[in-house]
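This is upload-v7.csv. It holds CSV, C-alpha atoms.
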chain,number,residue,atom,x,y,z
A,24,MET,CA,22.2,-33.2,4.2
A,25,ALA,CA,19.8,-31.8,1.6
A,26,GLY,CA,16.1,-32.4,2.4
A,27,VAL,CA,16.6,-32.9,6.1
A,28,ILE,CA,14.3,-30.6,8.0
A,29,LYS,CA,15.3,-30.3,11.6
A,30,LYS,CA,12.4,-30.4,14.1
A,31,VAL,CA,12.0,-27.3,16.2
A,32,PRO,CA,12.8,-28.2,19.8
A,33,ILE,CA,9.7,-28.6,22.0
A,34,GLU,CA,10.9,-25.9,24.5
A,35,VAL,CA,11.0,-23.3,21.7
A,36,LEU,CA,7.4,-24.2,20.6
A,37,LEU,CA,6.1,-24.1,24.1
A,38,SER,CA,7.8,-20.7,24.7
A,39,LEU,CA,6.2,-19.4,21.5
A,40,LEU,CA,2.7,-20.5,22.6
A,41,LYS,CA,3.3,-19.1,26.1
A,42,ARG,CA,4.3,-15.7,24.5
A,43,LEU,CA,1.2,-15.8,22.4
A,44,ARG,CA,-1.0,-16.5,25.4
A,45,ILE,CA,0.7,-13.6,27.4
A,46,LEU,CA,0.2,-11.2,24.4
A,47,TYR,CA,-3.5,-12.1,24.0
A,48,THR,CA,-4.2,-11.6,27.7
A,49,LYS,CA,-2.4,-8.2,27.6
A,50,ILE,CA,-4.4,-7.2,24.6
A,51,LEU,CA,-7.7,-8.1,26.2
A,52,GLY,CA,-6.7,-6.3,29.3
A,53,SER,CA,-5.8,-3.2,27.3
A,54,LEU,CA,-9.2,-3.4,25.5
A,55,GLN,CA,-11.0,-3.3,28.9
A,56,THR,CA,-10.0,0.4,29.3
A,57,MET,CA,-12.2,1.3,26.3
A,58,PRO,CA,-15.9,2.0,26.4
A,59,GLN,CA,-18.0,-1.1,25.9
A,60,ASP,CA,-19.8,0.2,22.7
A,61,ALA,CA,-16.5,1.2,20.9
A,62,ALA,CA,-16.5,-0.7,17.6
A,63,TYR,CA,-12.7,-1.3,17.8
A,64,ARG,CA,-13.2,-3.0,21.2
A,65,LYS,CA,-16.0,-5.1,19.9
A,66,TYR,CA,-14.3,-6.5,16.8
A,67,THR,CA,-10.9,-6.8,18.3
A,68,GLU,CA,-12.2,-8.6,21.4
A,69,GLN,CA,-14.1,-11.0,19.1
A,70,LEU,CA,-11.0,-11.7,16.9
A,71,ILE,CA,-8.6,-12.0,19.9
A,72,THR,CA,-10.8,-14.3,21.9
A,73,GLN,CA,-11.3,-16.5,18.9
A,74,ARG,CA,-7.6,-16.8,18.4
A,75,PHE,CA,-7.0,-17.2,22.1
A,76,ASN,CA,-9.5,-20.1,22.2
A,77,HIS,CA,-7.7,-21.8,19.3
A,78,VAL,CA,-4.4,-21.4,21.2
A,79,LYS,CA,-5.9,-22.8,24.4
A,80,SER,CA,-7.5,-25.8,22.7
A,81,GLU,CA,-4.8,-26.8,20.2
A,82,HIS,CA,-1.3,-27.7,21.5
A,83,ASP,CA,0.2,-28.9,18.3
A,84,VAL,CA,1.8,-25.8,16.6
A,85,GLU,CA,1.2,-26.9,13.0
A,86,LYS,CA,-2.5,-27.6,13.5
A,87,LEU,CA,-2.8,-24.3,15.4
A,88,GLU,CA,-1.3,-22.4,12.5
A,89,LYS,CA,-3.8,-24.0,10.1
A,90,LYS,CA,-6.7,-23.2,12.5
A,91,ILE,CA,-5.7,-19.5,12.9
A,92,ASN,CA,-4.9,-19.5,9.1
A,93,CYS,CA,-2.7,-16.4,9.2
A,94,GLY,CA,0.8,-17.6,8.5
A,95,GLN,CA,3.4,-19.1,10.8
A,96,ILE,CA,3.2,-18.9,14.5
A,97,GLU,CA,6.0,-16.3,14.7
A,98,GLU,CA,4.0,-14.2,12.2
A,99,VAL,CA,1.0,-14.5,14.4
A,100,ILE,CA,3.1,-13.4,17.4
A,101,SER,CA,4.3,-10.3,15.5
A,102,GLN,CA,0.6,-9.5,14.6
A,103,ALA,CA,-0.3,-9.8,18.2
A,104,GLU,CA,2.5,-7.5,19.3
A,105,ALA,CA,1.4,-5.0,16.7
A,106,GLU,CA,-2.2,-5.3,17.9
A,107,LEU,CA,-1.1,-4.7,21.5
A,108,ALA,CA,0.8,-1.5,20.6
A,109,LEU,CA,-2.2,-0.4,18.5
A,110,SER,CA,-4.7,-0.9,21.4
A,111,ARG,CA,-2.5,1.1,23.7
A,112,LYS,CA,-2.3,4.0,21.2
A,113,MET,CA,-6.1,3.7,20.6
A,114,THR,CA,-6.8,4.4,24.3
A,115,GLU,CA,-4.9,7.7,23.8
A,116,TRP,CA,-6.5,8.7,20.5
A,117,LYS,CA,-10.1,7.6,21.3
A,118,PRO,CA,-11.2,7.1,17.6
A,119,TRP,CA,-14.7,6.1,18.6
A,120,GLU,CA,-15.7,9.7,19.3
A,121,PRO,CA,-17.8,11.5,16.6
A,122,LEU,CA,-16.3,13.2,13.6
A,123,VAL,CA,-13.7,15.9,14.5
A,124,GLU,CA,-14.6,18.2,11.6
A,125,GLU,CA,-16.6,17.9,8.4
A,126,ALA,CA,-14.9,18.5,5.2
A,127,PRO,CA,-15.9,21.6,3.1
A,128,ALA,CA,-18.7,21.0,0.8
A,129,ASN,CA,-16.8,20.5,-2.5
A,130,GLN,CA,-13.7,18.9,-1.0
A,131,TRP,CA,-14.3,15.3,-2.2
A,132,LYS,CA,-16.3,16.1,-5.3
A,133,TRP,CA,-14.8,14.5,-8.5
A,134,PRO,CA,-14.9,15.5,-11.3
A,135,ILE,CA,-14.6,19.1,-10.2
B,8,MET,CA,-22.3,-8.6,10.7
B,9,ALA,CA,-19.2,-9.4,12.7
B,10,ALA,CA,-19.4,-13.1,11.6
B,11,SER,CA,-19.6,-12.0,8.0
B,12,LEU,CA,-16.5,-9.8,8.6
B,13,VAL,CA,-14.5,-12.8,10.0
B,14,ARG,CA,-15.6,-14.8,6.9
B,15,PHE,CA,-14.5,-11.9,4.8
B,16,VAL,CA,-11.1,-12.0,6.4
B,17,ARG,CA,-10.8,-15.7,5.6
B,18,SER,CA,-12.0,-15.2,2.1
B,19,GLY,CA,-9.0,-13.1,1.4
B,20,PHE,CA,-7.2,-16.4,1.0
B,21,GLY,CA,-10.1,-18.1,-0.7
B,22,ARG,CA,-10.2,-15.4,-3.4
B,23,SER,CA,-8.9,-17.9,-6.0
B,24,LEU,CA,-11.8,-20.1,-5.1
B,25,ASN,CA,-14.3,-17.2,-5.8
B,26,VAL,CA,-12.6,-16.6,-9.2
B,27,ALA,CA,-12.9,-20.3,-10.1
B,28,LYS,CA,-16.6,-20.2,-9.2
B,29,GLN,CA,-17.1,-17.1,-11.2
B,30,SER,CA,-15.4,-18.4,-14.3
B,31,ALA,CA,-17.6,-21.5,-14.0
B,32,ALA,CA,-20.6,-19.3,-14.0
B,33,ILE,CA,-19.3,-17.4,-17.0
B,34,VAL,CA,-18.8,-20.6,-18.9
B,35,GLN,CA,-22.3,-21.6,-18.2
B,36,THR,CA,-23.8,-18.4,-19.5
B,37,ARG,CA,-21.7,-18.6,-22.6
B,38,THR,CA,-23.3,-21.8,-23.6
B,39,THR,CA,-26.8,-20.3,-23.3
B,40,THR,CA,-26.3,-16.8,-24.9
B,41,THR,CA,-24.0,-16.0,-27.8
B,42,GLU,CA,-23.6,-12.3,-27.0
B,43,THR,CA,-20.3,-11.5,-25.3
B,44,ARG,CA,-18.5,-8.2,-24.8
B,45,PRO,CA,-14.8,-9.1,-24.5
B,46,THR,CA,-13.6,-5.5,-24.8
B,47,VAL,CA,-15.6,-4.3,-21.9
B,48,ARG,CA,-14.0,-4.8,-18.4
B,49,PRO,CA,-16.2,-7.4,-16.6
B,50,LYS,CA,-17.8,-6.0,-13.4
B,51,ASP,CA,-16.8,-7.9,-10.3
B,52,PRO,CA,-19.7,-7.5,-7.8
B,53,VAL,CA,-18.1,-9.9,-5.3
B,54,THR,CA,-14.9,-7.9,-4.8
B,55,HIS,CA,-17.0,-4.7,-4.9
B,56,THR,CA,-19.2,-5.9,-2.0
B,57,GLN,CA,-16.2,-7.2,0.0
B,58,LEU,CA,-14.4,-3.9,-0.4
B,59,SER,CA,-17.4,-1.9,0.6
B,60,GLU,CA,-18.0,-4.0,3.6
B,61,PHE,CA,-14.4,-3.5,4.7
B,62,GLY,CA,-14.8,0.2,4.1
B,63,GLU,CA,-17.8,0.2,6.4
B,64,TYR,CA,-15.8,-1.7,9.0
B,65,ILE,CA,-13.0,0.9,8.9
B,66,ALA,CA,-15.6,3.8,9.1
B,67,GLU,CA,-17.3,2.1,12.1
B,68,ILE,CA,-14.0,1.7,14.0
B,69,LEU,CA,-12.6,5.2,13.3
B,70,PRO,CA,-15.6,7.6,13.1
B,71,LYS,CA,-13.5,10.4,14.6
B,72,TYR,CA,-11.4,10.8,11.4
B,73,VAL,CA,-13.1,9.1,8.5
B,74,GLN,CA,-15.3,11.6,6.5
B,75,GLN,CA,-16.1,9.4,3.5
B,76,VAL,CA,-15.5,6.0,2.1
B,77,GLN,CA,-16.0,5.0,-1.5
B,78,VAL,CA,-15.2,2.1,-3.8
B,79,THR,CA,-14.3,3.1,-7.4
B,80,CYS,CA,-15.7,1.4,-10.4
B,81,PHE,CA,-12.3,-0.4,-10.8
B,82,ASN,CA,-12.8,-1.9,-7.3
B,83,GLU,CA,-10.4,0.3,-5.4
B,84,LEU,CA,-11.2,1.2,-1.8
B,85,GLU,CA,-10.7,4.9,-0.9
B,86,VAL,CA,-11.0,6.3,2.6
B,87,MET,CA,-11.2,10.1,3.0
B,88,ILE,CA,-10.0,11.3,6.4
B,89,HIS,CA,-9.6,14.6,8.3
B,90,PRO,CA,-5.9,15.7,8.4
B,91,GLU,CA,-5.7,15.3,12.1
B,92,GLY,CA,-6.2,11.6,11.7
B,93,ILE,CA,-3.2,10.8,9.4
B,94,ILE,CA,-1.1,9.0,12.1
B,95,PRO,CA,-4.0,7.2,13.8
B,96,VAL,CA,-5.5,5.9,10.6
B,97,LEU,CA,-2.2,4.8,9.1
B,98,THR,CA,-1.1,3.1,12.3
B,99,PHE,CA,-4.5,1.4,12.6
B,100,LEU,CA,-4.3,0.1,9.0
B,101,LYS,CA,-0.7,-1.1,9.6
B,102,ASP,CA,-1.1,-2.8,13.0
B,103,HIS,CA,-4.6,-4.1,13.1
B,104,THR,CA,-4.8,-7.9,12.5
B,105,ASN,CA,-7.8,-7.6,10.1
B,106,SER,CA,-6.1,-5.0,7.9
B,107,GLN,CA,-2.2,-5.4,8.1
B,108,PHE,CA,-1.5,-2.8,5.4
B,109,ASN,CA,2.1,-2.6,6.3
B,110,ASN,CA,3.4,-1.6,2.9
B,111,MET,CA,3.3,2.0,1.7
B,112,ILE,CA,3.3,1.9,-2.1
B,113,ASP,CA,2.9,5.6,-2.9
B,114,LEU,CA,2.4,9.0,-1.4
B,115,THR,CA,1.4,11.9,-3.7
B,116,ALA,CA,-0.5,15.2,-3.7
B,117,VAL,CA,-3.1,16.5,-6.1
B,118,ASP,CA,-3.5,20.3,-6.7
B,119,VAL,CA,-7.1,21.5,-7.3
B,120,PRO,CA,-6.8,25.3,-7.0
B,121,THR,CA,-10.6,25.9,-7.0
B,122,ARG,CA,-11.0,24.2,-3.6
B,123,GLN,CA,-10.6,25.8,-0.2
B,124,TYR,CA,-8.0,23.2,0.8
B,125,ARG,CA,-6.3,22.9,-2.5
B,126,PHE,CA,-3.9,20.0,-2.0
B,127,GLU,CA,-5.3,16.5,-1.7
B,128,ILE,CA,-2.7,14.1,-0.2
B,129,VAL,CA,-3.0,10.5,-1.3
B,130,TYR,CA,-1.5,7.5,0.5
B,131,ASN,CA,-1.6,4.1,-1.3
B,132,LEU,CA,-1.1,1.1,0.9
B,133,LEU,CA,-0.8,-2.6,0.2
B,134,SER,CA,-1.5,-5.6,2.5
B,135,LEU,CA,0.7,-8.6,1.6
B,136,ARG,CA,-1.1,-10.9,4.0
B,137,TYR,CA,-4.6,-10.2,2.5
B,138,ASN,CA,-3.4,-9.2,-1.0
B,139,SER,CA,-5.4,-6.0,-1.0
B,140,ARG,CA,-4.9,-2.3,-1.6
B,141,ILE,CA,-6.4,0.8,0.0
B,142,ARG,CA,-6.1,4.5,-0.6
B,143,VAL,CA,-6.2,7.1,2.2
B,144,LYS,CA,-6.9,10.7,1.2
B,145,THR,CA,-6.5,13.9,3.2
B,146,TYR,CA,-6.5,17.6,2.4
B,147,THR,CA,-4.6,20.7,3.3
B,148,ASP,CA,-3.9,24.2,1.9
B,149,GLU,CA,-0.6,26.0,1.3
B,150,LEU,CA,0.1,27.1,4.8
B,151,THR,CA,-1.3,24.3,7.1
B,152,PRO,CA,1.3,21.7,8.1
B,153,LEU,CA,0.4,18.0,8.1
B,154,ASP,CA,1.8,15.3,10.4
B,155,SER,CA,4.5,13.4,8.8
B,156,SER,CA,3.8,9.6,8.4
B,157,VAL,CA,7.5,8.7,8.6
B,158,PRO,CA,7.1,7.3,12.2
B,159,VAL,CA,4.5,4.9,10.8
B,160,HIS,CA,6.0,4.1,7.3
B,161,GLN,CA,9.7,4.7,6.7
B,162,ALA,CA,9.0,4.8,2.9
B,163,ALA,CA,7.2,8.1,3.3
B,164,ASP,CA,10.5,9.9,3.9
B,165,TRP,CA,11.4,10.8,0.3
B,166,TYR,CA,7.8,11.0,-0.9
B,167,GLU,CA,7.1,13.7,1.7
B,168,ARG,CA,10.3,15.5,0.6
B,169,GLU,CA,9.0,15.4,-3.0
B,170,ILE,CA,5.6,16.8,-2.0
B,171,TRP,CA,7.3,19.6,0.0
B,172,ASP,CA,9.5,20.4,-3.0
B,173,MET,CA,6.9,20.2,-5.7
B,174,PHE,CA,3.8,21.5,-3.9
B,175,GLY,CA,4.9,23.3,-0.8
B,176,VAL,CA,3.1,21.2,1.7
B,177,PHE,CA,5.0,21.2,5.0
B,178,PHE,CA,5.2,18.0,7.1
B,179,ALA,CA,5.7,18.4,10.8
B,180,ASN,CA,8.1,16.0,12.6
B,181,HIS,CA,9.7,15.0,9.4
B,182,PRO,CA,13.4,13.9,10.1
B,183,ASP,CA,14.9,15.8,7.1
B,184,LEU,CA,12.5,17.9,5.0
B,185,ARG,CA,14.5,19.6,2.2
B,186,ARG,CA,14.3,19.9,-1.5
B,187,ILE,CA,14.9,16.7,-3.5
B,188,LEU,CA,14.2,17.3,-7.2
B,189,THR,CA,14.6,21.0,-7.9
B,190,ASP,CA,17.9,22.8,-8.3
B,191,TYR,CA,19.7,24.1,-5.2
B,192,GLY,CA,18.5,27.8,-5.3
B,193,PHE,CA,15.2,27.1,-7.0
B,194,GLU,CA,12.3,29.2,-5.9
B,195,GLY,CA,8.7,28.1,-6.4
B,196,HIS,CA,6.8,24.8,-6.3
B,197,PRO,CA,6.7,23.4,-9.8
B,198,PHE,CA,3.7,21.0,-9.6
B,199,ARG,CA,1.3,23.6,-8.5
B,200,LYS,CA,-1.3,24.4,-11.2
B,201,ASP,CA,-0.4,28.1,-11.2
B,202,PHE,CA,3.3,27.4,-11.9
B,203,PRO,CA,3.9,27.9,-15.7
B,204,LEU,CA,5.0,25.1,-17.9
B,205,SER,CA,8.3,26.8,-18.9
B,206,GLY,CA,9.0,28.1,-15.4
B,207,TYR,CA,10.2,31.5,-14.4
B,208,VAL,CA,14.0,31.2,-14.8
B,209,GLU,CA,16.3,29.6,-17.4
B,210,VAL,CA,20.0,28.8,-16.9
B,211,ARG,CA,22.9,29.4,-19.3
B,212,TYR,CA,26.7,29.4,-19.0
B,213,ASP,CA,28.1,32.9,-18.9
B,214,ASP,CA,31.6,33.2,-20.2
B,215,GLU,CA,32.4,36.5,-18.5
B,216,VAL,CA,31.7,35.2,-14.9
B,217,LYS,CA,32.7,31.7,-15.9
B,218,ARG,CA,29.7,30.0,-14.3
B,219,VAL,CA,26.1,29.1,-14.8
B,220,VAL,CA,23.7,32.0,-14.3
B,221,ALA,CA,19.9,32.0,-13.9
B,222,GLU,CA,18.0,34.6,-15.8
B,223,PRO,CA,14.3,35.2,-16.4
B,224,VAL,CA,13.0,32.9,-19.1
B,225,GLU,CA,12.8,34.2,-22.7
B,226,LEU,CA,10.6,32.3,-25.0
B,227,THR,CA,11.5,32.7,-28.7
B,228,GLN,CA,7.9,32.0,-29.7
B,229,GLU,CA,4.8,33.3,-27.9
B,230,PHE,CA,3.3,30.6,-25.7
B,231,ARG,CA,0.5,29.0,-27.5
B,232,LYS,CA,-2.3,27.8,-25.2
B,233,PHE,CA,-4.5,25.3,-27.0
B,234,ASP,CA,-8.0,24.8,-26.0
B,235,LEU,CA,-8.2,21.1,-25.9
B,236,ASN,CA,-11.8,20.7,-25.0
B,237,SER,CA,-13.7,18.3,-27.3
B,238,PRO,CA,-17.0,19.4,-28.8
B,239,TRP,CA,-18.7,16.4,-27.2
B,240,GLU,CA,-19.7,16.2,-23.6
B,241,ALA,CA,-17.0,14.5,-21.5
B,242,PHE,CA,-19.0,13.1,-18.5
B,243,PRO,CA,-22.6,12.7,-19.3
B,244,ALA,CA,-23.2,10.8,-16.1
B,245,TYR,CA,-22.1,13.8,-14.0
B,246,ARG,CA,-24.2,16.4,-15.7
B,247,GLU,CA,-25.3,19.0,-13.2
B,248,PRO,CA,-28.8,20.4,-13.5
B,249,LYS,CA,-28.8,23.9,-14.8
B,250,ASP,CA,-30.5,26.3,-12.4
B,251,ALA,CA,-33.4,27.7,-14.5
B,252,PRO,CA,-34.9,30.9,-13.3
B,253,LYS,CA,-37.8,30.0,-11.1
B,254,LEU,CA,-41.1,31.7,-11.3
B,255,GLU,CA,-42.9,32.5,-8.1
B,256,SER,CA,-46.0,30.5,-7.8
B,257,GLY,CA,-47.8,33.0,-5.7
B,258,ASP,CA,-49.2,35.2,-8.5
B,259,LYS,CA,-52.4,34.0,-10.1
B,260,PRO,CA,-53.3,35.4,-13.5
B,261,ALA,CA,-55.9,38.1,-13.2
B,262,LYS,CA,-59.0,37.1,-15.0

Let me see the file written as structure tokens.
Amino acid sequence: MAGVIKKVPIEVLLSLLKRLRILYTKILGSLQTMPQDAAYRKYTEQLITQRFNHVKSEHDVEKLEKKINCGQIEEVISQAEAELALSRKMTEWKPWEPLVEEAPANQWKWPI
Amino acid sequence: MAASLVRFVRSGFGRSLNVAKQSAAIVQTRTTTTETRPTVRPKDPVTHTQLSEFGEYIAEILPKYVQQVQVTCFNELEVMIHPEGIIPVLTFLKDHTNSQFNNMIDLTAVDVPTRQYRFEIVYNLLSLRYNSRIRVKTYTDELTPLDSSVPVHQAADWYEREIWDMFGVFFANHPDLRRILTDYGFEGHPFRKDFPLSGYVEVRYDDEVKRVVAEPVELTQEFRKFDLNSPWEAFPAYREPKDAPKLESGDKPAK
């Protein structure tokens, strides 16, 4: 039995792609709640739309993994889940606002 | 700029390719010039620019918390943040697809007593996906509590206990903040710069009471403090200009 790699059933692969598509739509929806000029929104929208276009165009999972070039499709799904949770927290924290408080003058000076 | 960033993300994998190109370049120069300096660490401008671009990317996304970003001469990226931004910045670095720093390597504190906020807390993170490291620095003083990073990285648990025990920095929302290295009734925070090398108490077994007692420390020899400064200047590049007394330029010499 050594050396025999079982093929992943087609239903599992399709469900993975479907999950990925759902996650990407949710992320893009969550990004819409941020101001247009926020850098996080700009860069994440660009990244997610790029990956989303790859997912829409490529139906073969192996070729899709090579196109996205970020590990296996399950890893890409976990990255998308993390990004979704992050975008929701970002809407709370609003990190695009200007600096909260400047550090005291000698705080980051090294050597003392 | 954004396109170059995406290319940067991809080049994390292609770093071996960059090294191959660099070594080819070095081989070419070796044939033309005979002067080499094998004992001097070679500067890597490619990694330096990559890291500084990534640092600018982070500073652009999180301007609310990031105060300063720098790349050391050893090509290490350091991000200095305001203490309110510990949880947002660490969560961002962990969850964002372009960073994915999901591994906390180390969490320490540095005591610089001359500063207003004397303790500098340092988080070292590693990204396995992009094989890259980053350092996040914050500050606090003896009494201000910091947010615990245990909700973000579980590894911070014992590290924060150690910082509490050794420096006295309190972490809010920590699941179990108690002493970890010092003795059970120990008073004081040993890693602070004002805590003496020999400590304040020493322990001995007392036969009368049949247990270990703690008594004030008694040194048999007077503590010798050596002035270890070398006669040569240590950091010539960081020389500060001495303020010479300035003459007022208003008075003209009477003729």

- Query: How many Å separate atom CA of Asp102 of chain B from atom CA of Glu106 of chain A?
  - Reply: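 Separation of atom CA of Asp102 of chain B and atom CA of Glu106 of chain A: 5.6 Å.
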
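In this structure, atom CA of Leu114 of chain B sits 5.6 Å away from atom CA of Val129 of chain B.
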
- Item | Selected residue, from A:Glu115, A:Glu125, A:Glu88, A:Glu34, that lies nearest to chain B when counting all atoms listed in the file |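 Answer, going by the shortest atom-to-atom distance: A:Glu125.
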
- Task: Write out as an NGL selection string each polymer residue whose atoms come within 12 Å of Gln73 of chain A, counting all atoms listed in the file; drop sequence neighbours fewer than 3 positions from it.
- Result: (:A and (47 or 51 or 66-70 or 76-80 or 90-91)) or (:B and (10 or 13))

- Task: Compute the chain B side of the contact with chain A at 9 Å, counting all atoms listed in the file, and hand it back as a ChimeraX atom specification.
- Result: /B:9,13,17,20,64,67-75,87-89,91-92,95,98-99,101-105,107,119,121-125,127,136,146,242,245

- Message: For a test of reading the model, state the distance in Å between atom CA of Tyr137 of chain B and atom CA of Arg44 of chain A, rounded to one decimal.
- Response: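 Separation of atom CA of Tyr137 of chain B and atom CA of Arg44 of chain A: 24.0 Å.
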
- Query: Within 12 Å of Glu169 of chain B, counting only C-alpha atoms, which residues qualify if same-chain residues fewer than 4 places away don't, as a PyMOL selection string?
  - Reply: chain B and resi 113-116+163-165+173-178+183-189+196-198

- Task: Measuring atom to atom with all atoms listed in the file, identify which of A:Thr72, A:His82, A:Leu87, A:Gly26 is nearest to Ile50 of chain A.
- Result: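 Smallest separation from Ile50 of chain A among the options: A:Thr72.
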
- Query: Leaving out Val210 of chain B and any residue of its chain fewer than 5 positions from it, which residues lie within 9 Å of it when counting all atoms listed in the file, given as a PyMOL selection string?
  - Reply: chain B and resi 219-224

Would you mind listing what lies within 12 Å of His55 of chain B as a short mmCIF file (atom, residue, chain, number, x, y, z; two decimals) with C-alpha atoms, in the coordinates of the input, with all atoms listed in the file counted and same-chain residues fewer than 6 positions away left out?
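Final output, saved to around_27.cif:
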data_model
loop_
_atom_site.label_atom_id
_atom_site.label_comp_id
_atom_site.auth_asym_id
_atom_site.auth_seq_id
_atom_site.Cartn_x
_atom_site.Cartn_y
_atom_site.Cartn_z
CA PHE B 61 -14.40 -3.50 4.70
CA GLY B 62 -14.80 0.20 4.10
CA GLN B 77 -16.00 5.00 -1.50
CA VAL B 78 -15.20 2.10 -3.80
CA THR B 79 -14.30 3.10 -7.40
CA CYS B 80 -15.70 1.40 -10.40
CA PHE B 81 -12.30 -0.40 -10.80
CA ASN B 82 -12.80 -1.90 -7.30
CA GLU B 83 -10.40 0.30 -5.40
CA LEU B 84 -11.20 1.20 -1.80
#
